[in-house]
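Quick look at model.cif (mmCIF, C-alpha atoms):
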```cif
data_data
#
loop_
_atom_site.label_atom_id
_atom_site.label_comp_id
_atom_site.auth_asym_id
_atom_site.auth_seq_id
_atom_site.Cartn_x
_atom_site.Cartn_y
_atom_site.Cartn_z
CA MET A 1 -19.34 51.65 -11.56
CA PRO A 2 -15.77 52.70 -12.59
CA ASN A 3 -14.15 49.41 -11.52
CA GLU A 4 -16.74 47.36 -13.38
CA ASN A 5 -16.21 49.47 -16.50
CA LYS A 6 -12.44 48.81 -16.39
CA ILE A 7 -12.99 45.08 -15.99
CA CYS A 8 -15.57 44.95 -18.78
CA LYS A 9 -13.16 46.74 -21.11
CA PHE A 10 -10.99 43.61 -21.04
CA MET A 11 -13.80 41.10 -20.57
CA GLY A 12 -16.36 42.46 -22.97
CA PRO A 13 -17.96 39.20 -24.13
CA LEU A 14 -18.39 37.93 -20.56
CA CYS A 15 -19.79 41.22 -19.32
CA GLU A 16 -22.22 41.32 -22.21
CA LYS A 17 -23.52 37.89 -21.24
CA LEU A 18 -23.78 38.94 -17.60
CA ASP A 19 -25.75 42.08 -18.57
CA ASN A 20 -28.25 39.84 -20.32
CA CYS A 21 -28.40 37.32 -17.48
CA GLU A 22 -31.52 37.71 -15.35
CA HIS A 23 -29.99 35.89 -12.36
CA TYR A 24 -26.86 38.05 -12.41
CA GLN A 25 -28.96 41.23 -12.50
CA LYS A 26 -30.88 40.05 -9.45
CA PHE A 27 -27.60 39.27 -7.74
CA ALA A 28 -26.18 42.70 -8.61
CA LYS A 29 -29.24 44.45 -7.16
CA TYR A 30 -29.01 42.42 -3.96
CA ARG A 31 -25.24 43.06 -3.76
CA ASP A 32 -25.76 46.81 -4.02
CA LYS A 33 -28.49 46.61 -1.39
CA VAL A 34 -26.26 44.69 1.04
CA LEU A 35 -23.28 46.99 0.53
CA ALA A 36 -25.50 49.96 1.34
CA LEU A 37 -26.47 48.47 4.69
CA SER A 38 -24.77 49.47 7.93
CA ASN A 39 -21.76 47.41 8.98
CA ASP A 40 -23.68 46.52 12.14
CA SER A 41 -26.46 44.93 10.10
CA LEU A 42 -26.98 41.21 10.76
CA GLU A 43 -28.02 40.68 7.13
CA LYS A 44 -24.82 42.27 5.85
CA THR A 45 -22.68 40.25 8.27
CA ILE A 46 -24.28 36.97 7.15
CA ALA A 47 -24.11 37.88 3.46
CA VAL A 48 -20.41 38.81 3.65
CA ALA A 49 -19.61 35.65 5.60
CA LEU A 50 -21.41 33.45 3.06
CA SER A 51 -19.68 35.25 0.19
CA LEU A 52 -16.28 34.64 1.76
CA CYS A 53 -17.12 30.96 2.28
CA PHE A 54 -18.20 30.68 -1.35
CA VAL A 55 -15.03 32.32 -2.67
CA CYS A 56 -12.81 30.21 -0.40
CA ALA A 57 -14.59 27.04 -1.52
CA ILE A 58 -13.93 27.92 -5.16
CA LEU A 59 -10.25 28.64 -4.43
CA VAL A 60 -9.82 25.36 -2.55
CA SER A 61 -11.51 23.44 -5.36
CA LEU A 62 -9.31 25.08 -7.99
CA ALA A 63 -6.20 24.33 -5.92
CA ALA A 64 -7.23 20.69 -5.51
CA VAL A 65 -7.76 20.30 -9.26
CA ALA A 66 -4.52 22.10 -10.12
CA LEU A 67 -2.47 20.06 -7.63
CA ARG A 68 -4.02 16.70 -8.54
CA PRO A 69 -1.29 15.74 -11.05
CA LEU A 70 1.39 16.57 -8.48
CA GLN A 71 -0.40 14.50 -5.83
CA ILE A 72 -0.57 11.52 -8.20
CA GLU A 73 3.12 11.89 -9.03
CA ASN A 74 4.09 12.08 -5.34
CA LYS A 75 1.97 9.01 -4.54
CA ALA A 76 3.66 7.04 -7.32
CA MET A 77 7.07 8.22 -6.14
CA ASP A 78 6.33 7.15 -2.56
CA MET A 79 5.19 3.70 -3.74
CA LYS A 80 8.38 3.21 -5.75
CA LYS A 81 10.42 4.33 -2.75
CA ASN A 82 8.77 1.74 -0.51
CA ILE A 83 9.33 -1.03 -3.06
CA LEU A 84 13.01 -0.13 -3.40
CA ASP A 85 13.25 0.00 0.39
CA VAL A 86 11.81 -3.48 0.98
CA ALA A 87 14.06 -4.80 -1.80
CA GLY A 88 17.13 -3.36 -0.05
CA LEU A 89 17.89 -1.11 -3.02
CA LEU A 90 17.21 2.27 -1.43
CA GLN A 91 20.35 4.20 -0.57
CA GLU A 92 20.90 7.82 0.42
CA GLY A 93 20.84 9.97 -2.68
CA THR A 94 19.20 7.27 -4.81
CA ASP A 95 17.31 8.58 -7.84
CA ILE A 96 13.98 6.86 -7.23
CA HIS A 97 12.72 6.84 -10.81
CA THR A 98 16.01 5.68 -12.31
CA ALA A 99 16.65 2.97 -9.70
CA PHE A 100 13.12 1.64 -10.03
CA ALA A 101 13.19 1.60 -13.83
CA GLU A 102 16.57 -0.15 -13.95
CA GLN A 103 16.13 -2.71 -11.17
CA ILE A 104 12.42 -3.44 -10.66
CA GLU A 105 10.10 -5.26 -13.03
CA ALA A 106 6.36 -5.02 -12.34
CA LYS A 107 3.98 -7.82 -13.35
CA LEU A 108 0.24 -8.43 -13.18
CA VAL A 109 -0.69 -11.83 -11.75
CA ASP A 110 -3.93 -13.77 -11.65
CA VAL A 111 -3.91 -14.65 -7.95
CA ALA A 112 -6.03 -17.79 -8.35
CA THR A 113 -3.88 -19.40 -11.06
CA GLY A 114 -0.52 -17.76 -10.42
CA ASP A 115 -0.20 -16.89 -14.12
CA TYR A 116 0.95 -13.56 -15.51
CA VAL A 117 -1.74 -11.58 -17.33
CA ASP A 118 -1.65 -8.68 -19.76
CA GLY A 119 -2.86 -5.23 -18.81
CA ASP A 120 -1.89 -1.63 -18.19
CA ILE A 121 0.52 -2.09 -15.30
CA GLU A 122 1.01 1.63 -14.64
CA ALA A 123 -2.73 2.35 -14.46
CA TYR A 124 -3.77 -0.73 -12.48
CA ASP A 125 -4.87 0.06 -8.92
CA GLN A 126 -5.21 -3.06 -6.78
CA ARG A 127 -7.04 -1.25 -3.98
CA LYS A 128 -9.73 0.03 -6.35
CA ALA A 129 -9.98 -3.39 -8.00
CA ALA A 130 -10.67 -4.97 -4.59
CA LYS A 131 -13.76 -2.76 -4.27
CA ASP A 132 -15.06 -3.46 -7.78
CA PRO A 133 -17.47 -6.44 -7.95
CA ALA A 134 -16.27 -7.18 -11.48
CA GLN A 135 -12.63 -7.36 -10.37
CA ASN A 136 -12.80 -8.87 -6.89
CA VAL A 137 -13.46 -12.11 -5.06
CA VAL A 138 -15.68 -12.07 -1.97
CA LEU A 139 -14.06 -14.10 0.79
CA SER A 140 -15.93 -16.42 3.11
CA ARG A 141 -15.49 -16.09 6.87
CA ALA A 142 -13.25 -19.18 6.92
CA GLN A 143 -11.05 -17.79 4.12
CA ASP A 144 -10.85 -14.23 5.42
CA ILE A 145 -8.34 -14.62 8.22
CA ALA A 146 -6.83 -11.23 7.32
CA SER A 147 -10.23 -9.51 7.74
CA ILE A 148 -10.18 -7.84 4.32
CA LYS A 149 -13.59 -9.18 3.12
CA LYS A 150 -12.69 -8.96 -0.59
CA ARG A 151 -9.57 -9.64 -2.64
CA ALA A 152 -8.71 -8.32 -6.10
CA LYS A 153 -8.52 -11.06 -8.71
CA ILE A 154 -5.38 -9.50 -10.18
CA ALA A 155 -2.37 -8.42 -8.12
CA LYS A 156 0.62 -6.31 -9.04
CA VAL A 157 3.90 -7.98 -8.01
CA TYR A 158 7.48 -6.84 -8.42
CA LEU A 159 10.65 -8.71 -9.33
CA VAL A 160 14.28 -7.77 -8.85
CA LYS A 161 16.36 -9.45 -11.55
CA ASP A 162 20.00 -9.86 -12.43
CA SER A 163 19.78 -10.41 -16.17
CA GLU A 164 17.12 -13.18 -16.33
CA THR A 165 17.76 -14.48 -12.82
CA ILE A 166 15.25 -13.54 -10.13
CA LYS A 167 16.88 -12.11 -7.01
CA SER A 168 13.81 -10.93 -5.11
CA ILE A 169 10.05 -11.43 -5.24
CA ILE A 170 8.11 -8.50 -3.79
CA LEU A 171 4.48 -9.15 -2.92
CA PRO A 172 1.80 -6.63 -1.86
CA VAL A 173 0.11 -7.66 1.39
CA HIS A 174 -2.57 -6.15 3.59
CA GLY A 175 -4.76 -7.07 6.51
CA TYR A 176 -6.57 -5.58 9.48
CA GLY A 177 -4.80 -4.81 12.74
CA LEU A 178 -6.29 -3.10 15.80
CA TRP A 179 -7.45 0.17 14.26
CA SER A 180 -6.68 0.01 10.58
CA THR A 181 -5.97 -1.99 7.46
CA MET A 182 -2.20 -2.32 7.21
CA TYR A 183 -0.79 -2.13 3.68
CA GLY A 184 2.75 -3.24 2.95
CA PHE A 185 5.18 -5.34 0.95
CA LEU A 186 6.84 -8.65 1.74
CA ALA A 187 10.13 -9.37 -0.06
CA LEU A 188 11.26 -12.96 -0.52
CA ASP A 189 14.32 -14.64 -1.97
CA ALA A 190 13.94 -16.36 -5.34
CA ASP A 191 13.14 -19.60 -3.49
CA GLY A 192 9.79 -18.11 -2.45
CA GLN A 193 10.53 -19.29 1.08
CA THR A 194 13.13 -17.04 2.69
CA VAL A 195 12.16 -13.55 3.84
CA GLN A 196 14.33 -10.62 2.86
CA SER A 197 12.29 -7.82 4.44
CA ILE A 198 8.83 -6.49 5.20
CA ASN A 199 7.51 -2.95 5.37
CA PHE A 200 4.19 -1.21 5.92
CA TYR A 201 3.65 2.05 4.05
CA ASP A 202 0.06 2.72 5.14
CA GLN A 203 -1.23 1.94 8.63
CA GLY A 204 -3.04 3.61 11.51
CA GLU A 205 -1.97 1.54 14.50
CA THR A 206 -1.27 2.96 17.96
CA PRO A 207 1.91 5.09 18.05
CA GLY A 208 4.60 3.48 20.19
CA LEU A 209 2.77 0.13 20.23
CA GLY A 210 1.23 -1.33 17.08
CA ALA A 211 2.84 1.36 14.93
CA GLU A 212 6.20 -0.24 15.74
CA ILE A 213 5.62 -2.34 12.62
CA VAL A 214 7.44 0.48 10.78
CA ASN A 215 10.40 0.45 13.19
CA PRO A 216 13.57 -0.53 11.24
CA ASN A 217 14.85 -2.55 14.22
CA TRP A 218 11.70 -4.69 14.30
CA ARG A 219 11.63 -5.04 10.53
CA ALA A 220 15.23 -6.31 10.61
CA LEU A 221 14.06 -9.31 12.68
CA TRP A 222 12.31 -10.72 9.60
CA LYS A 223 15.42 -11.18 7.50
CA GLY A 224 16.20 -14.88 6.93
CA LYS A 225 12.92 -16.17 8.39
CA LYS A 226 11.15 -18.99 6.59
CA VAL A 227 7.54 -18.96 5.35
CA TYR A 228 6.56 -22.60 4.83
CA SER A 229 7.03 -25.65 7.01
CA GLU A 230 8.03 -29.02 5.48
CA ASP A 231 4.39 -29.97 4.84
CA GLY A 232 3.81 -26.74 2.87
CA THR A 233 1.67 -24.90 5.42
CA VAL A 234 2.36 -21.28 6.25
CA ALA A 235 4.31 -21.36 9.52
CA LEU A 236 5.68 -17.81 9.65
CA GLY A 237 4.19 -15.52 12.30
CA LEU A 238 4.67 -13.39 15.38
CA ILE A 239 4.88 -14.90 18.84
CA LYS A 240 4.23 -13.45 22.26
CA GLY A 241 7.54 -12.22 23.67
CA LEU A 242 11.00 -12.76 22.20
CA VAL A 243 12.14 -15.54 19.91
CA ASP A 244 14.59 -18.08 21.37
CA ASN A 245 16.82 -18.83 18.38
CA SER A 246 18.20 -21.94 20.09
CA LYS A 247 14.83 -23.70 19.90
CA ALA A 248 13.47 -25.69 16.98
CA GLY A 249 11.01 -23.74 14.87
CA SER A 250 12.55 -20.35 15.63
CA GLU A 251 13.15 -19.85 11.91
CA PHE A 252 9.38 -19.38 11.55
CA GLN A 253 9.02 -16.94 14.45
CA VAL A 254 9.29 -13.15 14.80
CA ASP A 255 9.22 -11.18 18.06
CA GLY A 256 5.72 -9.97 18.92
CA LEU A 257 4.98 -6.28 19.46
CA ALA A 258 4.94 -5.49 23.18
CA GLY A 259 1.55 -4.14 24.27
CA ALA A 260 0.06 -4.61 20.79
CA THR A 261 -1.43 -8.09 20.80
CA LEU A 262 -4.14 -7.41 18.21
CA THR A 263 -1.72 -5.74 15.81
CA SER A 264 0.64 -8.72 16.19
CA VAL A 265 -2.21 -11.12 15.45
CA GLY A 266 -3.18 -8.98 12.46
CA VAL A 267 0.34 -9.13 11.00
CA THR A 268 0.48 -12.91 11.49
CA ASN A 269 -2.92 -13.35 9.86
CA LEU A 270 -2.14 -11.21 6.83
CA VAL A 271 1.09 -13.16 6.24
CA LYS A 272 -0.74 -16.48 6.55
CA PHE A 273 -3.48 -15.30 4.19
CA TRP A 274 -1.28 -13.90 1.42
CA MET A 275 1.16 -16.80 1.52
CA SER A 276 -1.66 -19.38 1.39
CA GLN A 277 -3.73 -20.73 -1.51
CA GLU A 278 -6.04 -17.73 -1.12
CA GLY A 279 -3.05 -15.50 -1.80
CA PHE A 280 0.23 -15.98 -3.64
CA SER A 281 0.92 -19.67 -3.06
CA ALA A 282 0.07 -20.64 -6.66
CA TYR A 283 2.19 -17.81 -8.04
CA LEU A 284 5.18 -18.65 -5.86
CA ASP A 285 5.04 -22.29 -6.95
CA LYS A 286 5.19 -21.23 -10.61
CA VAL A 287 7.76 -18.45 -10.29
CA LYS A 288 10.06 -20.79 -8.33
CA THR A 289 9.76 -23.43 -11.04
CA LYS A 290 10.41 -20.94 -13.82
CA GLY A 291 13.02 -19.05 -11.84
#
```
Take the structure in the file and write it out as structure tokens.
Amino acid sequence: MPNENKICKFMGPLCEKLDNCEHYQKFAKYRDKVLALSNDSLEKTIAVALSLCFVCAILVSLAAVALRPLQIENKAMDMKKNILDVAGLLQEGTDIHTAFAEQIEAKLVDVATGDYVDGDIEAYDQRKAAKDPAQNVVLSRAQDIASIKKRAKIAKVYLVKDSETIKSIILPVHGYGLWSTMYGFLALDADGQTVQSINFYDQGETPGLGAEIVNPNWRALWKGKKVYSEDGTVALGLIKGLVDNSKAGSEFQVDGLAGATLTSVGVTNLVKFWMSQEGFSAYLDKVKTKG
């Protein structure tokens, strides 16, 4: 065929291998047979459809492989953006990479002991670690108030510093709501007690109800709230209805989400879990002392 001859002129070695390939020769014979069939032939219709599906599948696979580095870069950029946001460092026109590199310090922490550990911070994926039996801790029913089943032994935390002085402690938190596991960050003052902000960057709660956890107005209600009561227990959580700031204990309360009781309970439980001994309590005790 003329077209094949032109192609083989530039792809000689490949064409030579194809000429010697028994499977390709069988395919070529069947291809010529199908192309000779009438356009109304059921066999030709099915063969053409399958060929198109095969070609499209190859193109999609190639695109996925080619775009993988860009997807990874965008995911990392989005994570840095959310961390800057919860730290109150995200402004319009902010260069994400520069602001993060200059103002945020990432650390790996042994959750059980609260000690810093060595490791490849950039490569560490806490979500994957939570699924790896060698890197996770299986939680008992009594421990698992956030309904996450397993917790990674090592967590990646973030610090905002002014010289050597800690200004903010940013902790990764997650827990189950109504429909989904909600992933976010909780930012605290250097005292490990006072909330600066909270945000959720990955959640699948009901739009207009539970999904209001991403509403800036609701998130603003967290600023200045306290985590621990005088006896050291985690007191922070959502209540049903609106907080009465004139009443004692209001510093531990946040307005509940109207019409989203289970999401509200889920947020309360994930805060109580990650601020307890099962979560970052040991780390906060040490970072406050060293701070």
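Residues matched by the PyMOL selection byres ((chain A and resi 102) around 12) in this file: Leu84, Leu89, Asp95, Ile96, His97, Thr98, Ala99, Phe100, Ala101, Gln103, Ile104, Glu105, Ala106, Leu159, Val160, Lys161, Asp162 and Ser163 of chain A.
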Print the selection's residues with C-alpha atoms to a file, as a PDB file, in the frame of the given file.
```
ATOM      1  CA  LEU A  84      13.010  -0.130  -3.400  1.00  0.00           C
ATOM      2  CA  LEU A  89      17.890  -1.110  -3.020  1.00  0.00           C
ATOM      3  CA  ASP A  95      17.310   8.580  -7.840  1.00  0.00           C
ATOM      4  CA  ILE A  96      13.980   6.860  -7.230  1.00  0.00           C
ATOM      5  CA  HIS A  97      12.720   6.840 -10.810  1.00  0.00           C
ATOM      6  CA  THR A  98      16.010   5.680 -12.310  1.00  0.00           C
ATOM      7  CA  ALA A  99      16.650   2.970  -9.700  1.00  0.00           C
ATOM      8  CA  PHE A 100      13.120   1.640 -10.030  1.00  0.00           C
ATOM      9  CA  ALA A 101      13.190   1.600 -13.830  1.00  0.00           C
ATOM     10  CA  GLN A 103      16.130  -2.710 -11.170  1.00  0.00           C
ATOM     11  CA  ILE A 104      12.420  -3.440 -10.660  1.00  0.00           C
ATOM     12  CA  GLU A 105      10.100  -5.260 -13.030  1.00  0.00           C
ATOM     13  CA  ALA A 106       6.360  -5.020 -12.340  1.00  0.00           C
ATOM     14  CA  LEU A 159      10.650  -8.710  -9.330  1.00  0.00           C
ATOM     15  CA  VAL A 160      14.280  -7.770  -8.850  1.00  0.00           C
ATOM     16  CA  LYS A 161      16.360  -9.450 -11.550  1.00  0.00           C
ATOM     17  CA  ASP A 162      20.000  -9.860 -12.430  1.00  0.00           C
ATOM     18  CA  SER A 163      19.780 -10.410 -16.170  1.00  0.00           C
TER      19      SER A 163
END
```
Ala155 of chain A proximity check over A:Gly119, A:Gly192, A:Gly232, A:Gly256, using all atoms listed in the file: winner is A:Gly119
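Proximity to Asp255 of chain A at 7 Å, evaluated using only C-alpha atoms and with sequence-adjacent residues fewer than 3 positions away removed, yields A:Leu238, A:Ile239, A:Lys240, A:Gly241, A:Leu242, A:Val243.
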Apply the PyMOL selection byres ((chain A and resi 277) around 12) to the file shown and report the selected residues as a PDB file with C-alpha atoms, in the coordinates of the input.
```pdb
ATOM      1  CA  VAL A 111      -3.910 -14.650  -7.950  1.00  0.00           C
ATOM      2  CA  ALA A 112      -6.030 -17.790  -8.350  1.00  0.00           C
ATOM      3  CA  THR A 113      -3.880 -19.400 -11.060  1.00  0.00           C
ATOM      4  CA  GLY A 114      -0.520 -17.760 -10.420  1.00  0.00           C
ATOM      5  CA  GLN A 143     -11.050 -17.790   4.120  1.00  0.00           C
ATOM      6  CA  ASP A 144     -10.850 -14.230   5.420  1.00  0.00           C
ATOM      7  CA  GLY A 232       3.810 -26.740   2.870  1.00  0.00           C
ATOM      8  CA  THR A 233       1.670 -24.900   5.420  1.00  0.00           C
ATOM      9  CA  VAL A 234       2.360 -21.280   6.250  1.00  0.00           C
ATOM     10  CA  VAL A 271       1.090 -13.160   6.240  1.00  0.00           C
ATOM     11  CA  LYS A 272      -0.740 -16.480   6.550  1.00  0.00           C
ATOM     12  CA  PHE A 273      -3.480 -15.300   4.190  1.00  0.00           C
ATOM     13  CA  TRP A 274      -1.280 -13.900   1.420  1.00  0.00           C
ATOM     14  CA  MET A 275       1.160 -16.800   1.520  1.00  0.00           C
ATOM     15  CA  SER A 276      -1.660 -19.380   1.390  1.00  0.00           C
ATOM     16  CA  GLU A 278      -6.040 -17.730  -1.120  1.00  0.00           C
ATOM     17  CA  GLY A 279      -3.050 -15.500  -1.800  1.00  0.00           C
ATOM     18  CA  PHE A 280       0.230 -15.980  -3.640  1.00  0.00           C
ATOM     19  CA  SER A 281       0.920 -19.670  -3.060  1.00  0.00           C
ATOM     20  CA  ALA A 282       0.070 -20.640  -6.660  1.00  0.00           C
ATOM     21  CA  TYR A 283       2.190 -17.810  -8.040  1.00  0.00           C
ATOM     22  CA  LEU A 284       5.180 -18.650  -5.860  1.00  0.00           C
ATOM     23  CA  ASP A 285       5.040 -22.290  -6.950  1.00  0.00           C
TER      24      ASP A 285
END
```
* I would like the residues chosen by the PyMOL selection byres ((chain A and resi 191) around 10) on the shown file; could you give them as an MDAnalysis selection string? => chainID A and resid 166:169 188:190 192:195 284:285 287:289 291
Which residues come within 12 Å of segment 41-57 of chain A, counting only C-alpha atoms, excluding same-chain residues fewer than 5 positions away, as a JSON list (two decimals) with C-alpha atoms, keeping the file's coordinate frame?
```json
[["chain", "number", "residue", "atom", "x", "y", "z"],
["A", 27, "PHE", "CA", -27.60, 39.27, -7.74],
["A", 30, "TYR", "CA", -29.01, 42.42, -3.96],
["A", 31, "ARG", "CA", -25.24, 43.06, -3.76],
["A", 32, "ASP", "CA", -25.76, 46.81, -4.02],
["A", 33, "LYS", "CA", -28.49, 46.61, -1.39],
["A", 34, "VAL", "CA", -26.26, 44.69, 1.04],
["A", 35, "LEU", "CA", -23.28, 46.99, 0.53],
["A", 36, "ALA", "CA", -25.50, 49.96, 1.34],
["A", 62, "LEU", "CA", -9.31, 25.08, -7.99],
["A", 63, "ALA", "CA", -6.20, 24.33, -5.92],
["A", 64, "ALA", "CA", -7.23, 20.69, -5.51]]
```
Incomplete segment 172-181 of chain A brought to all heavy atoms, written out as an mmCIF file, in the frame of the given file:
```
data_model
loop_
_atom_site.group_PDB
_atom_site.id
_atom_site.type_symbol
_atom_site.label_atom_id
_atom_site.label_comp_id
_atom_site.auth_asym_id
_atom_site.auth_seq_id
_atom_site.Cartn_x
_atom_site.Cartn_y
_atom_site.Cartn_z
ATOM 1 N N PRO A 172 2.636 -7.550 -2.641
ATOM 2 C CA PRO A 172 1.800 -6.630 -1.860
ATOM 3 C C PRO A 172 0.941 -7.418 -0.876
ATOM 4 O O PRO A 172 0.334 -8.427 -1.242
ATOM 5 C CB PRO A 172 0.941 -5.947 -2.928
ATOM 6 C CG PRO A 172 0.823 -6.976 -4.005
ATOM 7 C CD PRO A 172 2.135 -7.730 -4.009
ATOM 8 N N VAL A 173 0.909 -6.975 0.367
ATOM 9 C CA VAL A 173 0.110 -7.660 1.390
ATOM 10 C C VAL A 173 -0.679 -6.628 2.181
ATOM 11 O O VAL A 173 -0.255 -5.478 2.323
ATOM 12 C CB VAL A 173 1.012 -8.480 2.355
ATOM 13 C CG1 VAL A 173 1.719 -9.601 1.618
ATOM 14 C CG2 VAL A 173 2.050 -7.582 3.043
ATOM 15 N N HIS A 174 -1.823 -7.033 2.694
ATOM 16 C CA HIS A 174 -2.570 -6.150 3.590
ATOM 17 C C HIS A 174 -3.522 -6.973 4.439
ATOM 18 O O HIS A 174 -3.917 -8.085 4.083
ATOM 19 C CB HIS A 174 -3.322 -5.063 2.810
ATOM 20 C CG HIS A 174 -4.441 -5.570 1.945
ATOM 21 N ND1 HIS A 174 -4.229 -6.098 0.692
ATOM 22 C CD2 HIS A 174 -5.782 -5.607 2.147
ATOM 23 C CE1 HIS A 174 -5.377 -6.442 0.147
ATOM 24 N NE2 HIS A 174 -6.345 -6.174 1.018
ATOM 25 N N GLY A 175 -3.858 -6.411 5.576
ATOM 26 C CA GLY A 175 -4.760 -7.070 6.510
ATOM 27 C C GLY A 175 -5.089 -6.138 7.654
ATOM 28 O O GLY A 175 -4.415 -5.116 7.852
ATOM 29 N N TYR A 176 -6.108 -6.478 8.417
ATOM 30 C CA TYR A 176 -6.570 -5.580 9.480
ATOM 31 C C TYR A 176 -5.822 -5.832 10.780
ATOM 32 O O TYR A 176 -5.566 -6.979 11.154
ATOM 33 C CB TYR A 176 -8.068 -5.760 9.712
ATOM 34 C CG TYR A 176 -8.707 -4.540 10.329
ATOM 35 C CD1 TYR A 176 -9.032 -3.443 9.550
ATOM 36 C CD2 TYR A 176 -8.949 -4.469 11.699
ATOM 37 C CE1 TYR A 176 -9.601 -2.307 10.108
ATOM 38 C CE2 TYR A 176 -9.516 -3.343 12.266
ATOM 39 C CZ TYR A 176 -9.840 -2.262 11.463
ATOM 40 O OH TYR A 176 -10.395 -1.143 12.032
ATOM 41 N N GLY A 177 -5.458 -4.734 11.443
ATOM 42 C CA GLY A 177 -4.800 -4.810 12.740
ATOM 43 C C GLY A 177 -5.777 -4.481 13.859
ATOM 44 O O GLY A 177 -6.863 -5.049 13.944
ATOM 45 N N LEU A 178 -5.392 -3.537 14.719
ATOM 46 C CA LEU A 178 -6.290 -3.100 15.800
ATOM 47 C C LEU A 178 -7.235 -2.013 15.314
ATOM 48 O O LEU A 178 -8.443 -2.078 15.523
ATOM 49 C CB LEU A 178 -5.480 -2.601 16.988
ATOM 50 C CG LEU A 178 -6.273 -1.954 18.134
ATOM 51 C CD1 LEU A 178 -7.275 -2.936 18.721
ATOM 52 C CD2 LEU A 178 -5.343 -1.421 19.212
ATOM 53 N N TRP A 179 -6.663 -0.983 14.658
ATOM 54 C CA TRP A 179 -7.450 0.170 14.260
ATOM 55 C C TRP A 179 -7.583 0.345 12.746
ATOM 56 O O TRP A 179 -8.410 1.128 12.297
ATOM 57 C CB TRP A 179 -6.815 1.466 14.811
ATOM 58 C CG TRP A 179 -6.615 1.488 16.281
ATOM 59 C CD1 TRP A 179 -5.430 1.477 16.952
ATOM 60 C CD2 TRP A 179 -7.626 1.536 17.292
ATOM 61 N NE1 TRP A 179 -5.626 1.503 18.314
ATOM 62 C CE2 TRP A 179 -6.975 1.544 18.551
ATOM 63 C CE3 TRP A 179 -9.013 1.562 17.263
ATOM 64 C CZ2 TRP A 179 -7.668 1.591 19.747
ATOM 65 C CZ3 TRP A 179 -9.705 1.609 18.460
ATOM 66 C CH2 TRP A 179 -9.034 1.630 19.684
ATOM 67 N N SER A 180 -6.756 -0.321 11.994
ATOM 68 C CA SER A 180 -6.680 0.010 10.580
ATOM 69 C C SER A 180 -6.315 -1.198 9.726
ATOM 70 O O SER A 180 -5.860 -2.217 10.237
ATOM 71 C CB SER A 180 -5.619 1.103 10.363
ATOM 72 O OG SER A 180 -4.322 0.569 10.656
ATOM 73 N N THR A 181 -6.515 -1.029 8.414
ATOM 74 C CA THR A 181 -5.970 -1.990 7.460
ATOM 75 C C THR A 181 -4.528 -1.607 7.194
ATOM 76 O O THR A 181 -4.232 -0.461 6.850
ATOM 77 C CB THR A 181 -6.764 -1.987 6.145
ATOM 78 O OG1 THR A 181 -8.123 -2.344 6.422
ATOM 79 C CG2 THR A 181 -6.184 -2.986 5.160
#
```
